[in-house]
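J.: Structure incoming, see below.
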Amino acid sequence: MYQPYLIAQFSTGLDKQFEPWLLPDEAQQDLFDGFAYRGILSKRFGYQGFATGVTGKEPSRIVDGVGAYPGNPVMMIAVFVASDNSKTLLVADTQYVNYYNTATKLLTYIAPTYGLYTGNSSNFFDSVNYPDATDVNRLLFANNLDPIQSYDGAAVTNYVFTLTGVAVGQLTCLLMFQFKDRLILLRTRENGTVFPRRIRISGTGADCDNFDTTATGAGVIEIPDDSWIMSATANKDDLLIFTENSTWILKYTGNDVTPFVLDRIDESRGSQAPFSGITYLNRSTTASTRGLIISDGYRVERADLLLPFYSIDEIDQENFNLCYAGSVDEDRDHYLIHPSPGQEPPVKSDRILVTNYEEDNYAVYRLPLSCMGNFITQAGETWTDLNIYASWDELSSVYNNWDAFAFSQGSPFSLGGGHQGEVWALNIEGSDDNLVQITNITYPDAELIEVTTQVNNYVVDDYVFFESVTDIPDLNNRQYAVNSVTSNTVFRIKRNLEFTTSPVFVSGGQVQRVIPFEFKTKRFNPFTNTDQKVRCGWLYLYVDSSGTKLKRSILMSGSSQTDPCVITTSSAHGLTSGDVVGISQVVGMTELNDNQYPIEILTDFTFSLVGIDATGFTAYVSGGVVKADVPCILSIDVLTNDNDEATQLDITNVDFDPYQANCTNLITETGVKKWYKLWINQTARFIQLRITNQQAGAQINIQAIMPGFAPAGRLI
């Protein structure tokens with residue numbers, strides 16, 4: 001007799017604090033590309049090229065002075081705020097700075113007076129909106145290597161300041177803050193000399209750019225520490241500064257002669273990642289090679305008690321300076337972008353540790369970002385901009401749905417910078433990853449298809465999904481594994497069994513990366529206290545999903561001239577009454593082609609087209625393909641004991657596939673919460689479940705899981 005074991009109210013998220021069998025029941029040992037929120041485990045949303053497809057232009061990428069794409073990593077996403085509160089998006093890579101042109105919807109090169117920047121993939125820019133002495137707004141930014149730059153809404157120039165002995169164009173810093181009407185520079189480089197513990201403070205008002213001691217309150221503070229300043233973030237009315245070994249707080253005194261005092265609040269915890277510092281909901285976090293730390297301005301504690309070895313095991317220790325912190329405020333999420341260990345050079349950030357500050361839980365997203373920023377659109381799109389699309393379906397192939405349309409007036413959204421100069425809008429509901437336009441398709445041999453696109457970040461074994469390829473319909477609404485990658489615009493896939501011809505590509509079509517959702521439960525055995533093994537007989541899942549964008553093809557063998565029309569398939573169709581199917585490529589009864597039909601199931605090989613009277617149609621001759629929606633499928637792997645590979649299950653009921661649970665059943669049930677059952681029949685010391693989904697368009701929400709457990713034999 002199996003005992004139901006309900007596991008619900010998912011709130012812990014990723015938890016590696018203890019051995020997996022000691023974790024809370026609803027915790028996940030692994031949680032990739034999904035999140036736990038309000039008791040539900042869900043698949044994350046995707047990202048798209050910023051302004052992709054608008055007015056038919058290329059996606060927004062950083063350009064050089066001659067209009068070419070240099071392909072450098074993005075090192076800054078900043079917003080200049082003008083005096084009328086209008087906002088201009090600035091983006092920089094290691095060499096060039098661009099602004100976002102609201103008319104063309106593209107990034108446009110700005111030629112700075114300094115020339116090309118000289119940093120590498122770890123020289124991120126820090127920026128601050130800081131008005132000049134006449135109260136003219138400007139954005140200051142620096143990369144700790146080249147001179148501080150100033151953008152006033154029209155041009156980028158060298159920052160003009162007063163500092164005895166330091167020439168204009170010879171001052172830079174690691175980090176900068178506007179603090180109590182002053183400009184604070186941390187870890188400065190002055191005339192080529194690095195001052196690793198220096199806090200440089202400007203005056204105020206007319207002396208806002210004067211760092212000499214002649215300006216009231218201006219001057220310099222040297223942190224009395226043996227290590228360098230590595231990170232900083234504002235916290236309420238103070239500035240937290242992290243050296244490699246300790247944590248300091250800069251407090252305002254209200255005294256214009258000595259406006260700030262510096263106190264050490266912890267001497268054992270610091271940071272090694274300059275751009276990992278961030279304050280969210282009055283909690284300041286930063287990263288070190290020994291762990292993630294958090295401070296409220298009074299004390300410093302470990303922030304990663306649930307993930308005690310994450311910094312050591314999951315972040316490449318030799319490239320810790322690539323870490324970058326950002327936020328997705330609409331989800332109350334803090335992102336720590338970082339490189340995973342074991343990469344071949346050049347090492348890039350390819351993981352994000354996601355912290356939800358509302359529920360205090362973690363997840364890991366597999367996204368190749370270099371840095372982050374935020375933007376609020378100031379100019380809404382017009383119908384003229386959207387009229388380039390022939391239909392709503394064509395528009396939705398780019399934007400997925402109206403809610404995902406990221407350019408309506410005043411919409412705030414998060415942006416991510418890519419490793420090849422791309423700028424992406426993040427967290428787009430209903431989207432998979434990195435939708436790009438197809439520019440060519442060729443056939444290098446009888447087994448492979450070569451696809452050329454706008455710049456993409458696909459890698460081998462990614463699943464990619466095709467749609468709207470008008471000249472090669474066999475590709476549409478299907479996903480394929482990437483077989484090889486030739487360049488950042490060219491990849492290859494293997495033909496499937498239905499792809500027997502080599503039609504010529506003319507134009508059109510998009511492809512996108514499918515989100516690889518995966519989570520692994522704790523190891524279960526509710527009978528350890530009685531020295532018994534566990535037997536799992538069955539598993540219920542309480543799930544709702546969105547369905548998928550995928551279509552499967554079913555070959556026809558006949559079509560009747562009756563009312564209603566009856567379709568015969570050459571193999572079992574696996575359809576359900578109420579499904580809607582598309583029909584194409586029929587020879588003879590061509591009246592059926594290129595239309596959608598609701599159906600009524602008759603047998604395993606026949607179904608009728610509801611409401612279709614075919615008595616006057618041309619007689620069927622041959623051919624015909626039925627296109628049917630592919631339901632959302634959760635793949636269930638059962639792991640036993642301490643194994644990472646799935647066990648061979650004992651299939652006792654041929655009506656169920658124990659590796660899969662159908663999450664939609666009927667298209668009309670999409671979005672309906674429902675219990676689904678599959679048989680497990682496995683005995684072990686511990687039972688663990690790995691649940692995955694990698695289907696285009698599938699949005700998964702797991703409300704609860706309930707295995708059936710029974711004791712079975714001695715544990716020891």
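Identifiers in the structure tokens: chain A, B, ... in order shown; residue index from 1 per chain; ligand index from 1 in order shown.
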List every residue of range 464-674 of chain A that DSSP, applied to the backbone of this structure, assigns to strand (DSSP E), and report them as a ChimeraX atom specification.
T.: /A:464-467,478-485,490-494,510-513,517-521,532-545,551-559,566-569,580-587,595-601,606-609,622-629,633-640,660-662,674
J.: List the spatial neighbours of Asp296 in chain A as number ranges by chain - criterion: any atom at most 7 Å away, only C-alpha atoms, same-chain residues fewer than 4 positions off excluded.
T.: A: 282-284
J.: Those selected residues, please, written with C-alpha atoms and delivered as a PDB file, in the first residue's frame.
T.:
ATOM      1  CA  ASN A 282      18.315  48.230   1.755  1.00  0.00           C
ATOM      2  CA  ARG A 283      20.472  45.118   1.702  1.00  0.00           C
ATOM      3  CA  SER A 284      23.929  45.430   0.196  1.00  0.00           C
TER       4      SER A 284
END
J.: Name the closest residue to Gln343 in chain A among the candidates A:Gln317, A:Asn137, A:Ser271, A:Ser60; distances are taken between atoms, counting only C-alpha atoms.
T.: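 With only C-alpha atoms as the atom set, the closest residue is A:Gln317.
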J.: Using only C-alpha atoms, find each residue in range 30-84 of chain A having at least one atom no more than 6 Å away from range 695-713 of chain A; report its shortest atom-to-atom pair and that distance in Å (one decimal), rows by chain then rising number, as a tab-separated table.
T.:
residue	atom	partner	partner_atom	distance
A:Ile40	CA	A:Gln703	CA	5.0
A:Leu41	CA	A:Ile702	CA	5.0
A:Ser42	CA	A:Asn701	CA	4.4
A:Lys43	CA	A:Ile700	CA	5.3
J.: Would you mind exporting the chosen residues as a PDB file, in the first residue's frame, restricted to C-alpha atoms?
T.:
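Saved the output as part.pdb:
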ATOM      1  CA  ILE A  40       5.064  27.532  -7.555  1.00  0.00           C
ATOM      2  CA  LEU A  41       8.021  26.260  -9.590  1.00  0.00           C
ATOM      3  CA  SER A  42       8.038  27.947 -13.003  1.00  0.00           C
ATOM      4  CA  LYS A  43      10.147  28.039 -16.125  1.00  0.00           C
TER       5      LYS A  43
END
J.: Taking only C-alpha atoms into account, name the residue in A:Ile278, A:Leu634, A:Leu475, A:Leu555 that is nearest to Tyr542 in chain A.
T.: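 Among A:Ile278, A:Leu634, A:Leu475, A:Leu555, it is A:Leu634 that comes nearest to Tyr542 in chain A.
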J.: Compile a residue-level contact table for range 459-532 of chain A against range 24-38 of chain A at a cut-off of 8 Å, reporting for every qualifying residue the shortest atom pair and its distance in Å to one decimal, with only C-alpha atoms counted, rows ordered by chain and ascending number, as a tab-separated table.
T.:
residue	atom	partner	partner_atom	distance
A:Ile515	CA	A:Asp33	CA	7.0
A:Pro516	CA	A:Asp33	CA	6.5
A:Phe517	CA	A:Asp33	CA	4.9
A:Glu518	CA	A:Phe32	CA	5.1
A:Phe519	CA	A:Leu31	CA	4.3
A:Lys520	CA	A:Asp30	CA	5.0
A:Thr521	CA	A:Gln28	CA	4.6
A:Lys522	CA	A:Gln29	CA	5.7
A:Phe524	CA	A:Asp25	CA	7.9
J.: Selected residues, all heavy atoms, written as an mmCIF file, in the first residue's frame, please.
T.:
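Just written: part-v9.cif:
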data_model
loop_
_atom_site.group_PDB
_atom_site.id
_atom_site.type_symbol
_atom_site.label_atom_id
_atom_site.label_comp_id
_atom_site.auth_asym_id
_atom_site.auth_seq_id
_atom_site.Cartn_x
_atom_site.Cartn_y
_atom_site.Cartn_z
ATOM 1 N N ILE A 515 14.513 27.456 -24.061
ATOM 2 C CA ILE A 515 14.943 27.535 -22.662
ATOM 3 C C ILE A 515 15.016 26.122 -22.072
ATOM 4 O O ILE A 515 14.020 25.390 -22.079
ATOM 5 C CB ILE A 515 13.966 28.394 -21.842
ATOM 6 C CG1 ILE A 515 13.942 29.821 -22.397
ATOM 7 C CG2 ILE A 515 14.350 28.399 -20.368
ATOM 8 C CD1 ILE A 515 12.854 30.691 -21.802
ATOM 9 N N PRO A 516 16.174 25.712 -21.523
ATOM 10 C CA PRO A 516 16.337 24.342 -21.008
ATOM 11 C C PRO A 516 16.015 24.236 -19.523
ATOM 12 O O PRO A 516 16.901 24.136 -18.670
ATOM 13 C CB PRO A 516 17.818 24.055 -21.281
ATOM 14 C CG PRO A 516 18.476 25.406 -21.153
ATOM 15 C CD PRO A 516 17.462 26.439 -21.593
ATOM 16 N N PHE A 517 14.743 24.252 -19.173
ATOM 17 C CA PHE A 517 14.285 24.201 -17.780
ATOM 18 C C PHE A 517 14.613 22.847 -17.153
ATOM 19 O O PHE A 517 14.380 21.796 -17.750
ATOM 20 C CB PHE A 517 12.774 24.443 -17.764
ATOM 21 C CG PHE A 517 12.103 24.234 -16.437
ATOM 22 C CD1 PHE A 517 12.482 24.948 -15.317
ATOM 23 C CD2 PHE A 517 11.062 23.322 -16.314
ATOM 24 C CE1 PHE A 517 11.842 24.769 -14.099
ATOM 25 C CE2 PHE A 517 10.412 23.131 -15.102
ATOM 26 C CZ PHE A 517 10.810 23.859 -13.990
ATOM 27 N N GLU A 518 15.143 22.877 -15.917
ATOM 28 C CA GLU A 518 15.500 21.633 -15.240
ATOM 29 C C GLU A 518 15.556 21.861 -13.743
ATOM 30 O O GLU A 518 16.089 22.860 -13.279
ATOM 31 C CB GLU A 518 16.863 21.136 -15.733
ATOM 32 C CG GLU A 518 17.406 19.936 -15.001
ATOM 33 C CD GLU A 518 18.811 19.566 -15.452
ATOM 34 O OE1 GLU A 518 19.216 19.977 -16.565
ATOM 35 O OE2 GLU A 518 19.511 18.880 -14.680
ATOM 36 N N PHE A 519 14.991 20.919 -12.974
ATOM 37 C CA PHE A 519 15.220 20.949 -11.536
ATOM 38 C C PHE A 519 15.320 19.526 -10.999
ATOM 39 O O PHE A 519 14.789 18.575 -11.579
ATOM 40 C CB PHE A 519 14.144 21.747 -10.789
ATOM 41 C CG PHE A 519 12.816 21.068 -10.630
ATOM 42 C CD1 PHE A 519 12.544 20.280 -9.511
ATOM 43 C CD2 PHE A 519 11.815 21.238 -11.571
ATOM 44 C CE1 PHE A 519 11.313 19.673 -9.354
ATOM 45 C CE2 PHE A 519 10.576 20.625 -11.420
ATOM 46 C CZ PHE A 519 10.324 19.837 -10.300
ATOM 47 N N LYS A 520 16.057 19.398 -9.900
ATOM 48 C CA LYS A 520 16.276 18.109 -9.257
ATOM 49 C C LYS A 520 15.835 18.224 -7.806
ATOM 50 O O LYS A 520 16.251 19.123 -7.085
ATOM 51 C CB LYS A 520 17.743 17.705 -9.335
ATOM 52 C CG LYS A 520 18.038 16.300 -8.822
ATOM 53 C CD LYS A 520 19.542 16.076 -8.658
ATOM 54 C CE LYS A 520 20.248 16.090 -9.994
ATOM 55 N NZ LYS A 520 21.702 15.780 -9.819
ATOM 56 N N THR A 521 14.978 17.311 -7.383
ATOM 57 C CA THR A 521 14.466 17.339 -6.018
ATOM 58 C C THR A 521 15.534 16.856 -5.030
ATOM 59 O O THR A 521 16.606 16.387 -5.418
ATOM 60 C CB THR A 521 13.234 16.444 -5.873
ATOM 61 O OG1 THR A 521 13.649 15.068 -6.034
ATOM 62 C CG2 THR A 521 12.182 16.773 -6.912
ATOM 63 N N LYS A 522 15.211 16.936 -3.768
ATOM 64 C CA LYS A 522 16.033 16.295 -2.752
ATOM 65 C C LYS A 522 15.921 14.779 -2.912
ATOM 66 O O LYS A 522 15.133 14.282 -3.721
ATOM 67 C CB LYS A 522 15.572 16.709 -1.355
ATOM 68 C CG LYS A 522 14.170 16.211 -0.996
ATOM 69 C CD LYS A 522 13.855 16.375 0.472
ATOM 70 C CE LYS A 522 14.574 15.328 1.301
ATOM 71 N NZ LYS A 522 14.245 15.421 2.738
ATOM 72 N N PHE A 524 14.553 11.424 -1.439
ATOM 73 C CA PHE A 524 13.449 11.093 -0.538
ATOM 74 C C PHE A 524 13.590 9.677 0.020
ATOM 75 O O PHE A 524 13.879 8.723 -0.717
ATOM 76 C CB PHE A 524 12.104 11.199 -1.272
ATOM 77 C CG PHE A 524 11.738 12.583 -1.678
ATOM 78 C CD1 PHE A 524 11.835 12.978 -3.006
ATOM 79 C CD2 PHE A 524 11.306 13.503 -0.741
ATOM 80 C CE1 PHE A 524 11.484 14.252 -3.387
ATOM 81 C CE2 PHE A 524 10.962 14.789 -1.113
ATOM 82 C CZ PHE A 524 11.057 15.166 -2.436
#
J.: Can you pull out the residues contacting Ser502 in chain A? Cut-off 10 Å, using only C-alpha atoms, and skip same-chain residues under 6 positions away; I want them as a PyMOL selection string.
T.: chain A and resi 441-443+446+449+472
J.: Grab the residues selected above and save them as a PDB file, in the first residue's frame with C-alpha atoms.
T.:
ATOM      1  CA  ILE A 441      19.980  28.367 -45.473  1.00  0.00           C
ATOM      2  CA  THR A 442      22.196  25.929 -47.415  1.00  0.00           C
ATOM      3  CA  TYR A 443      22.887  22.180 -47.510  1.00  0.00           C
ATOM      4  CA  ALA A 446      23.023  14.989 -47.347  1.00  0.00           C
ATOM      5  CA  ILE A 449      21.493  21.962 -42.897  1.00  0.00           C
ATOM      6  CA  ILE A 472      11.226  25.785 -46.394  1.00  0.00           C
TER       7      ILE A 472
END
J.: Which residues in range 302-503 of chain A does DSSP call alpha helix (DSSP H)? List them as a PyMOL selection string.
T.: chain A and resi 310-314+383-386+392-399
J.: Could you save the residues just selected, with N, CA, C and O atoms, as an mmCIF file, in the first residue's frame?
T.:
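Final output, saved to out_18.cif:
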data_model
loop_
_atom_site.group_PDB
_atom_site.id
_atom_site.type_symbol
_atom_site.label_atom_id
_atom_site.label_comp_id
_atom_site.auth_asym_id
_atom_site.auth_seq_id
_atom_site.Cartn_x
_atom_site.Cartn_y
_atom_site.Cartn_z
ATOM 1 N N TYR A 310 29.105 28.055 -3.144
ATOM 2 C CA TYR A 310 28.816 28.491 -4.511
ATOM 3 C C TYR A 310 29.986 29.273 -5.108
ATOM 4 O O TYR A 310 30.397 29.036 -6.239
ATOM 5 N N SER A 311 30.528 30.225 -4.356
ATOM 6 C CA SER A 311 31.636 31.040 -4.875
ATOM 7 C C SER A 311 32.827 30.185 -5.257
ATOM 8 O O SER A 311 33.509 30.446 -6.252
ATOM 9 N N ILE A 312 33.100 29.161 -4.471
ATOM 10 C CA ILE A 312 34.281 28.328 -4.701
ATOM 11 C C ILE A 312 34.046 27.329 -5.830
ATOM 12 O O ILE A 312 34.902 27.141 -6.696
ATOM 13 N N ASP A 313 32.871 26.703 -5.829
ATOM 14 C CA ASP A 313 32.621 25.599 -6.759
ATOM 15 C C ASP A 313 32.015 26.017 -8.089
ATOM 16 O O ASP A 313 32.233 25.354 -9.109
ATOM 17 N N GLU A 314 31.220 27.091 -8.096
ATOM 18 C CA GLU A 314 30.433 27.424 -9.284
ATOM 19 C C GLU A 314 30.927 28.650 -10.045
ATOM 20 O O GLU A 314 30.438 28.927 -11.142
ATOM 21 N N TRP A 383 1.731 53.125 -35.083
ATOM 22 C CA TRP A 383 1.207 52.081 -35.946
ATOM 23 C C TRP A 383 2.005 51.988 -37.243
ATOM 24 O O TRP A 383 2.111 50.916 -37.841
ATOM 25 N N THR A 384 2.589 53.093 -37.653
ATOM 26 C CA THR A 384 3.426 53.055 -38.863
ATOM 27 C C THR A 384 4.601 52.111 -38.671
ATOM 28 O O THR A 384 4.972 51.355 -39.578
ATOM 29 N N ASP A 385 5.199 52.146 -37.466
ATOM 30 C CA ASP A 385 6.316 51.243 -37.182
ATOM 31 C C ASP A 385 5.887 49.782 -37.255
ATOM 32 O O ASP A 385 6.659 48.907 -37.660
ATOM 33 N N LEU A 386 4.651 49.510 -36.850
ATOM 34 C CA LEU A 386 4.179 48.134 -36.800
ATOM 35 C C LEU A 386 3.581 47.666 -38.117
ATOM 36 O O LEU A 386 3.386 46.467 -38.323
ATOM 37 N N TRP A 392 -0.934 40.031 -37.522
ATOM 38 C CA TRP A 392 -0.626 39.902 -36.099
ATOM 39 C C TRP A 392 0.266 38.700 -35.850
ATOM 40 O O TRP A 392 1.119 38.719 -34.949
ATOM 41 N N ASP A 393 0.090 37.637 -36.653
ATOM 42 C CA ASP A 393 0.933 36.456 -36.486
ATOM 43 C C ASP A 393 2.392 36.793 -36.772
ATOM 44 O O ASP A 393 3.303 36.321 -36.084
ATOM 45 N N GLU A 394 2.620 37.620 -37.810
ATOM 46 C CA GLU A 394 3.992 38.000 -38.132
ATOM 47 C C GLU A 394 4.582 38.884 -37.037
ATOM 48 O O GLU A 394 5.744 38.751 -36.655
ATOM 49 N N LEU A 395 3.759 39.801 -36.508
ATOM 50 C CA LEU A 395 4.221 40.639 -35.396
ATOM 51 C C LEU A 395 4.552 39.774 -34.187
ATOM 52 O O LEU A 395 5.593 39.955 -33.540
ATOM 53 N N SER A 396 3.679 38.807 -33.886
ATOM 54 C CA SER A 396 3.901 37.973 -32.705
ATOM 55 C C SER A 396 5.085 37.041 -32.887
ATOM 56 O O SER A 396 5.685 36.602 -31.904
ATOM 57 N N SER A 397 5.473 36.747 -34.134
ATOM 58 C CA SER A 397 6.660 35.926 -34.338
ATOM 59 C C SER A 397 7.919 36.650 -33.909
ATOM 60 O O SER A 397 8.942 36.031 -33.614
ATOM 61 N N VAL A 398 7.838 37.985 -33.855
ATOM 62 C CA VAL A 398 8.966 38.789 -33.384
ATOM 63 C C VAL A 398 8.833 39.100 -31.902
ATOM 64 O O VAL A 398 9.778 38.980 -31.131
ATOM 65 N N TYR A 399 7.609 39.480 -31.462
ATOM 66 C CA TYR A 399 7.410 39.947 -30.090
ATOM 67 C C TYR A 399 6.683 38.942 -29.199
ATOM 68 O O TYR A 399 6.519 39.187 -28.010
#
J.: With a distance cut-off of 6 Å and only C-alpha atoms, select the neighbouring residues of Leu107 in chain A, excluding the residue or stretch itself and same-chain residues fewer than 2 positions from it, and output the selection as a list in words.
T.: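 With the cut-off at 6 Å, the set is Ser60, Asn98, Tyr99, Tyr100 and Asn101 of chain A.
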J.: Generate a file of the selected residues that holds all heavy atoms, formatted as a PDB file, in the first residue's frame.
T.:
ATOM      1  N   SER A  60      19.755  45.746 -32.147  1.00  0.00           N
ATOM      2  CA  SER A  60      20.689  46.745 -31.647  1.00  0.00           C
ATOM      3  C   SER A  60      21.975  46.073 -31.184  1.00  0.00           C
ATOM      4  O   SER A  60      21.967  45.236 -30.285  1.00  0.00           O
ATOM      5  CB  SER A  60      20.058  47.521 -30.489  1.00  0.00           C
ATOM      6  OG  SER A  60      19.097  48.418 -30.976  1.00  0.00           O
ATOM      7  N   ASN A  98      28.093  54.045 -27.729  1.00  0.00           N
ATOM      8  CA  ASN A  98      26.938  54.286 -28.591  1.00  0.00           C
ATOM      9  C   ASN A  98      25.800  54.865 -27.766  1.00  0.00           C
ATOM     10  O   ASN A  98      25.754  54.691 -26.549  1.00  0.00           O
ATOM     11  CB  ASN A  98      26.433  52.979 -29.213  1.00  0.00           C
ATOM     12  CG  ASN A  98      27.346  52.392 -30.278  1.00  0.00           C
ATOM     13  OD1 ASN A  98      26.944  51.492 -31.005  1.00  0.00           O
ATOM     14  ND2 ASN A  98      28.585  52.839 -30.363  1.00  0.00           N
ATOM     15  N   TYR A  99      24.861  55.546 -28.442  1.00  0.00           N
ATOM     16  CA  TYR A  99      23.602  55.911 -27.803  1.00  0.00           C
ATOM     17  C   TYR A  99      22.468  55.263 -28.575  1.00  0.00           C
ATOM     18  O   TYR A  99      22.590  54.957 -29.764  1.00  0.00           O
ATOM     19  CB  TYR A  99      23.424  57.431 -27.723  1.00  0.00           C
ATOM     20  CG  TYR A  99      22.997  58.101 -29.018  1.00  0.00           C
ATOM     21  CD1 TYR A  99      21.657  58.360 -29.296  1.00  0.00           C
ATOM     22  CD2 TYR A  99      23.941  58.490 -29.975  1.00  0.00           C
ATOM     23  CE1 TYR A  99      21.273  58.955 -30.479  1.00  0.00           C
ATOM     24  CE2 TYR A  99      23.566  59.094 -31.159  1.00  0.00           C
ATOM     25  CZ  TYR A  99      22.226  59.326 -31.404  1.00  0.00           C
ATOM     26  OH  TYR A  99      21.837  59.916 -32.585  1.00  0.00           O
ATOM     27  N   TYR A 100      21.350  55.044 -27.888  1.00  0.00           N
ATOM     28  CA  TYR A 100      20.194  54.428 -28.521  1.00  0.00           C
ATOM     29  C   TYR A 100      19.375  55.508 -29.204  1.00  0.00           C
ATOM     30  O   TYR A 100      18.850  56.424 -28.567  1.00  0.00           O
ATOM     31  CB  TYR A 100      19.348  53.691 -27.484  1.00  0.00           C
ATOM     32  CG  TYR A 100      18.095  53.084 -28.059  1.00  0.00           C
ATOM     33  CD1 TYR A 100      18.162  52.103 -29.036  1.00  0.00           C
ATOM     34  CD2 TYR A 100      16.836  53.495 -27.617  1.00  0.00           C
ATOM     35  CE1 TYR A 100      17.008  51.544 -29.561  1.00  0.00           C
ATOM     36  CE2 TYR A 100      15.681  52.936 -28.138  1.00  0.00           C
ATOM     37  CZ  TYR A 100      15.776  51.964 -29.112  1.00  0.00           C
ATOM     38  OH  TYR A 100      14.632  51.419 -29.633  1.00  0.00           O
ATOM     39  N   ASN A 101      19.267  55.406 -30.532  1.00  0.00           N
ATOM     40  CA  ASN A 101      18.545  56.371 -31.351  1.00  0.00           C
ATOM     41  C   ASN A 101      17.075  55.964 -31.415  1.00  0.00           C
ATOM     42  O   ASN A 101      16.734  54.934 -31.998  1.00  0.00           O
ATOM     43  CB  ASN A 101      19.164  56.411 -32.758  1.00  0.00           C
ATOM     44  CG  ASN A 101      18.591  57.517 -33.612  1.00  0.00           C
ATOM     45  OD1 ASN A 101      17.390  57.764 -33.599  1.00  0.00           O
ATOM     46  ND2 ASN A 101      19.454  58.182 -34.361  1.00  0.00           N
TER      47      ASN A 101
END
J.: Go through A:Ser546, A:Asn525, A:Thr285, A:Gln17 one by one, measure the shortest atom-to-atom distance of each to Thr247 in chain A using only C-alpha atoms, and give the residue with the smallest value.
T.: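 Checking each of A:Ser546, A:Asn525, A:Thr285, A:Gln17 against Thr247 in chain A, counting only C-alpha atoms, the winner is A:Thr285.
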J.: Quick one, how far is CA of Met176 in chain A from CA of Gln272 in chain A?
T.: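 Spanning CA of Met176 in chain A to CA of Gln272 in chain A is a straight-line distance of 17.5 Å.
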